[in-house]
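See below for final16.cif, which holds mmCIF, C-alpha atoms.
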data_my_file
loop_
_atom_site.label_atom_id
_atom_site.label_comp_id
_atom_site.auth_asym_id
_atom_site.auth_seq_id
_atom_site.Cartn_x
_atom_site.Cartn_y
_atom_site.Cartn_z
CA MET A 1 80.15 106.26 94.92
CA THR A 2 77.54 107.28 97.44
CA VAL A 3 78.22 109.11 100.69
CA ASN A 4 77.39 105.87 102.55
CA ASP A 5 79.92 103.94 100.43
CA LEU A 6 82.57 106.48 101.40
CA LYS A 7 81.55 106.44 105.08
CA ASN A 8 81.91 102.65 105.11
CA LEU A 9 85.56 103.05 104.09
CA GLU A 10 86.42 105.42 106.94
CA GLY A 11 88.78 104.22 109.64
CA ARG A 12 91.76 101.92 109.86
CA TRP A 13 92.27 98.91 107.58
CA VAL A 14 95.10 96.39 107.82
CA LEU A 15 96.55 95.04 104.58
CA GLN A 16 96.44 91.23 104.73
CA TYR A 17 97.02 90.10 101.12
CA SER A 18 98.36 91.99 98.13
CA GLY A 19 99.23 91.43 94.50
CA CYS A 20 101.26 94.64 94.40
CA PRO A 21 105.05 94.06 94.33
CA MET A 22 105.59 97.25 96.36
CA TRP A 23 103.86 95.70 99.40
CA ARG A 24 105.27 92.19 98.91
CA LYS A 25 108.91 93.21 99.36
CA ALA A 26 110.59 91.30 102.18
CA ASN A 27 111.68 94.54 103.87
CA THR A 28 108.14 96.04 104.02
CA ASP A 29 105.52 95.08 106.61
CA THR A 30 102.95 96.38 109.11
CA ILE A 31 100.89 98.08 106.40
CA THR A 32 97.74 99.99 107.34
CA PHE A 33 95.41 102.23 105.34
CA ASN A 34 93.64 105.00 107.25
CA TYR A 35 90.72 106.80 105.61
CA GLU A 36 88.96 109.97 106.76
CA LEU A 37 86.01 111.49 104.92
CA GLN A 38 86.59 115.20 104.19
CA HIS A 39 85.30 118.05 102.11
CA ARG A 40 87.91 119.39 99.72
CA GLY A 41 86.24 122.44 98.29
CA GLU A 42 82.98 121.22 96.79
CA GLU A 43 84.20 117.59 96.62
CA LEU A 44 83.69 114.89 99.21
CA VAL A 45 86.93 112.86 99.31
CA LEU A 46 88.70 110.30 101.44
CA ARG A 47 91.92 111.54 102.96
CA GLU A 48 94.26 108.55 103.01
CA GLN A 49 97.34 107.85 105.06
CA VAL A 50 99.13 104.58 104.40
CA GLU A 51 101.58 103.64 107.13
CA PHE A 52 104.16 100.89 106.76
CA ARG A 53 107.47 99.72 108.12
CA ARG A 54 110.35 99.47 105.66
CA ASN A 55 113.74 98.24 106.83
CA GLY A 56 112.57 98.63 110.44
CA LYS A 57 111.54 102.30 110.07
CA MET A 58 107.98 103.58 109.96
CA LYS A 59 107.06 105.48 106.81
CA SER A 60 103.86 106.89 105.37
CA LYS A 61 102.23 107.95 102.12
CA ARG A 62 99.51 110.54 102.20
CA GLY A 63 96.96 111.44 99.60
CA TYR A 64 93.31 111.67 98.64
CA GLU A 65 91.00 109.11 97.12
CA ILE A 66 88.77 111.19 94.87
CA PRO A 67 85.58 109.37 93.85
CA SER A 68 84.25 109.64 90.33
CA GLU A 69 80.73 111.02 90.06
CA ASP A 70 79.58 108.47 87.49
CA SER A 71 81.30 105.23 88.54
CA ALA A 72 82.85 103.36 91.44
CA ILE A 73 86.36 104.34 90.31
CA MET A 74 88.44 106.53 92.63
CA THR A 75 91.55 108.45 91.65
CA TRP A 76 94.36 108.65 94.18
CA LYS A 77 96.27 111.92 94.27
CA GLY A 78 99.32 112.17 96.49
CA ILE A 79 100.27 114.92 98.94
CA GLY A 80 103.77 116.26 99.50
CA MET A 81 106.51 114.11 97.98
CA ASN A 82 103.85 111.86 96.46
CA LYS A 83 101.94 114.68 94.73
CA LEU A 84 103.06 113.66 91.26
CA PHE A 85 101.68 110.14 91.64
CA ARG A 86 98.16 109.25 90.55
CA THR A 87 96.46 105.91 90.27
CA ARG A 88 92.93 104.61 89.97
CA SER A 89 91.24 102.09 92.21
CA LYS A 90 87.85 100.54 92.75
CA VAL A 91 86.19 98.94 95.75
CA LEU A 92 85.22 95.43 94.69
CA TYR A 93 83.89 94.25 98.05
CA ASN A 94 83.27 95.90 101.43
CA GLN A 95 81.34 93.75 103.90
CA ASP A 96 81.87 92.16 107.30
CA GLY A 97 85.12 94.04 107.93
CA ILE A 98 86.69 92.84 104.66
CA LEU A 99 87.69 95.28 101.94
CA ILE A 100 88.85 94.11 98.51
CA MET A 101 90.25 96.82 96.26
CA TRP A 102 91.35 96.72 92.63
CA PHE A 103 94.25 98.90 91.42
CA GLU A 104 95.00 99.76 87.83
CA LYS A 105 98.34 99.00 86.20
CA THR A 106 100.87 101.80 86.61
CA MET A 107 104.33 102.40 85.26
CA HIS A 108 105.77 100.63 88.32
CA ASN A 109 103.13 98.06 89.31
CA PRO A 110 100.85 95.56 87.56
CA GLU A 111 97.06 95.56 87.84
CA SER A 112 96.31 93.90 91.16
CA ILE A 113 94.02 93.62 94.16
CA ASP A 114 94.56 94.20 97.87
CA VAL A 115 92.63 92.52 100.67
CA LEU A 116 92.30 94.56 103.85
CA THR A 117 90.48 93.85 107.10
CA ARG A 118 89.52 95.73 110.23
CA LYS A 119 91.39 93.09 112.26
CA LYS A 120 95.15 93.02 112.79
CA HIS A 121 95.43 89.25 112.73
CA LEU A 122 93.39 86.60 110.97
CA ASN A 123 92.95 83.00 112.01
CA ALA A 124 92.91 80.17 109.45
CA GLN A 125 89.11 80.15 109.25
CA GLU A 126 88.96 83.89 108.51
CA SER A 127 91.62 83.55 105.81
CA GLU A 128 89.69 80.66 104.23
CA TYR A 129 86.54 82.79 104.28
CA ILE A 130 88.35 85.59 102.41
CA PHE A 131 89.56 83.18 99.72
CA THR A 132 86.02 81.79 99.41
CA ILE A 133 84.83 85.34 98.70
CA LEU A 134 87.62 85.87 96.16
CA LYS A 135 86.74 82.67 94.31
CA GLY A 136 82.99 83.30 94.54
CA LYS A 137 83.28 86.81 93.14
CA ASP A 138 85.41 85.54 90.28
CA PHE A 139 88.57 87.39 91.30
CA THR A 140 90.53 84.20 90.59
CA VAL A 141 92.57 85.96 87.89
CA TYR A 142 94.38 87.76 90.75
CA LEU A 143 94.89 84.78 93.09
CA ASP A 144 98.25 83.63 91.69
CA GLU A 145 99.81 87.00 92.52
CA LEU A 146 98.26 87.40 95.99
CA GLU A 147 100.61 87.02 98.94
CA SER A 148 100.19 87.49 102.66
CA VAL A 149 101.86 90.73 103.77
CA ASN A 150 100.70 91.14 107.37
CA ILE A 151 103.32 90.42 109.97
CA LEU A 152 102.15 92.90 112.59
#

Show this structure as structure tokens.
Amino acid sequence: MTVNDLKNLEGRWVLQYSGCPMWRKANTDTITFNYELQHRGEELVLREQVEFRRNGKMKSKRGYEIPSEDSAIMTWKGIGMNKLFRTRSKVLYNQDGILIMWFEKTMHNPESIDVLTRKKHLNAQESEYIFTILKGKDFTVYLDELESVNIL
């Protein structure tokens, strides 16, 4: 990933649709991903803080998205209680305030995609536009598992 690719990820993103069972639980909502570009030694990484409400209480997961030098794959490495967890992801689409990310299968979750936006709430036209992108980019294999998760 280039420095510009990483810079375009910086800031706050709101999770709108997810295929990940962890985010689709009825007791989990208000999910945001916050990215900050940082140097970690010689590496340029994205510091990530995911905030969410579970059972009415705000929680967070912190870690780093570490980009691969030779591909668009990033490896997530947790901080604190999450430091043992690692997963790989890839940005599939990042334009017009819409971010589509792929996540590899882990021991606890299937391979899936997440759709995030810069906006808190989407109207019907914006949601339709997102699904047009998903179908046009041939991400249809993930559509059956995608559910709306944003109830901010």

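Run against this file, the PyMOL selection byres ((chain A and resi 96) around 12) gives back Asn8, Leu9, Tyr93, Asn94, Gln95, Gly97, Ile98, Leu99, Ile100, Leu116, Thr117, Arg118, Lys119, Glu126, Tyr129, Ile130 and Ile133 of chain A.
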
Now that the selection is made, can you save its residues with C-alpha atoms as a PDB file, keeping the file's coordinate frame?
ATOM      1  CA  ASN A   8      81.910 102.650 105.110  1.00  0.00           C
ATOM      2  CA  LEU A   9      85.560 103.050 104.090  1.00  0.00           C
ATOM      3  CA  TYR A  93      83.890  94.250  98.050  1.00  0.00           C
ATOM      4  CA  ASN A  94      83.270  95.900 101.430  1.00  0.00           C
ATOM      5  CA  GLN A  95      81.340  93.750 103.900  1.00  0.00           C
ATOM      6  CA  GLY A  97      85.120  94.040 107.930  1.00  0.00           C
ATOM      7  CA  ILE A  98      86.690  92.840 104.660  1.00  0.00           C
ATOM      8  CA  LEU A  99      87.690  95.280 101.940  1.00  0.00           C
ATOM      9  CA  ILE A 100      88.850  94.110  98.510  1.00  0.00           C
ATOM     10  CA  LEU A 116      92.300  94.560 103.850  1.00  0.00           C
ATOM     11  CA  THR A 117      90.480  93.850 107.100  1.00  0.00           C
ATOM     12  CA  ARG A 118      89.520  95.730 110.230  1.00  0.00           C
ATOM     13  CA  LYS A 119      91.390  93.090 112.260  1.00  0.00           C
ATOM     14  CA  GLU A 126      88.960  83.890 108.510  1.00  0.00           C
ATOM     15  CA  TYR A 129      86.540  82.790 104.280  1.00  0.00           C
ATOM     16  CA  ILE A 130      88.350  85.590 102.410  1.00  0.00           C
ATOM     17  CA  ILE A 133      84.830  85.340  98.700  1.00  0.00           C
TER      18      ILE A 133
END

Explicit residues for the PyMOL selection byres ((chain A and resi 72-78) around 10) (as an mmCIF file with C-alpha atoms, in the frame of the given file):
data_model
loop_
_atom_site.group_PDB
_atom_site.id
_atom_site.type_symbol
_atom_site.label_atom_id
_atom_site.label_comp_id
_atom_site.auth_asym_id
_atom_site.auth_seq_id
_atom_site.Cartn_x
_atom_site.Cartn_y
_atom_site.Cartn_z
ATOM 1 C CA MET A 1 80.150 106.260 94.920
ATOM 2 C CA THR A 2 77.540 107.280 97.440
ATOM 3 C CA ASP A 5 79.920 103.940 100.430
ATOM 4 C CA VAL A 45 86.930 112.860 99.310
ATOM 5 C CA LEU A 46 88.700 110.300 101.440
ATOM 6 C CA ARG A 47 91.920 111.540 102.960
ATOM 7 C CA GLU A 48 94.260 108.550 103.010
ATOM 8 C CA GLN A 49 97.340 107.850 105.060
ATOM 9 C CA LYS A 61 102.230 107.950 102.120
ATOM 10 C CA ARG A 62 99.510 110.540 102.200
ATOM 11 C CA GLY A 63 96.960 111.440 99.600
ATOM 12 C CA TYR A 64 93.310 111.670 98.640
ATOM 13 C CA GLU A 65 91.000 109.110 97.120
ATOM 14 C CA ILE A 66 88.770 111.190 94.870
ATOM 15 C CA PRO A 67 85.580 109.370 93.850
ATOM 16 C CA SER A 68 84.250 109.640 90.330
ATOM 17 C CA GLU A 69 80.730 111.020 90.060
ATOM 18 C CA ASP A 70 79.580 108.470 87.490
ATOM 19 C CA SER A 71 81.300 105.230 88.540
ATOM 20 C CA ILE A 79 100.270 114.920 98.940
ATOM 21 C CA GLY A 80 103.770 116.260 99.500
ATOM 22 C CA MET A 81 106.510 114.110 97.980
ATOM 23 C CA ASN A 82 103.850 111.860 96.460
ATOM 24 C CA LYS A 83 101.940 114.680 94.730
ATOM 25 C CA LEU A 84 103.060 113.660 91.260
ATOM 26 C CA PHE A 85 101.680 110.140 91.640
ATOM 27 C CA ARG A 86 98.160 109.250 90.550
ATOM 28 C CA THR A 87 96.460 105.910 90.270
ATOM 29 C CA ARG A 88 92.930 104.610 89.970
ATOM 30 C CA SER A 89 91.240 102.090 92.210
ATOM 31 C CA LYS A 90 87.850 100.540 92.750
ATOM 32 C CA VAL A 91 86.190 98.940 95.750
ATOM 33 C CA LEU A 92 85.220 95.430 94.690
ATOM 34 C CA TRP A 102 91.350 96.720 92.630
ATOM 35 C CA PHE A 103 94.250 98.900 91.420
#

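Taking atom CA of Ser148 of chain A as the reference point, atom CA of Arg24 of chain A is found at 7.9 Å.
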
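Between atom CA of Asn109 of chain A and atom CA of Gly19 of chain A lies a distance of 9.3 Å.
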
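Between atom CA of His39 of chain A and atom CA of Lys7 of chain A the interatomic distance comes to 12.6 Å.
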
Within 10 Å of (100.8, 94.8, 96.9) (file coordinates; all atoms listed in the file), which protein or nucleic acid residues are there? I'd like them as a ChimeraX atom specification. /A:15-25,103,109-115,145-149

What do you get, as number ranges by chain, if you spell out every residue that the PyMOL selection byres ((chain A and resi 28-34) around 6) selects here? A: 11-15, 25-27, 35, 48-54, 150, 152

As JSON, please: the centre and edge lengths in Å, to one decimal, of an axis-aligned box enclosing every listed atom of segment 112-116 of chain A with 8 Å added on each side.
{"center_x": 94.3, "center_y": 93.5, "center_z": 97.5, "size_x": 20.0, "size_y": 18.0, "size_z": 28.7}

Nearest to Leu134 of chain A among A:Leu44, A:Met107, A:Met101, A:Leu122, with distances taken over all atoms listed in the file: which residue is it? A:Met101
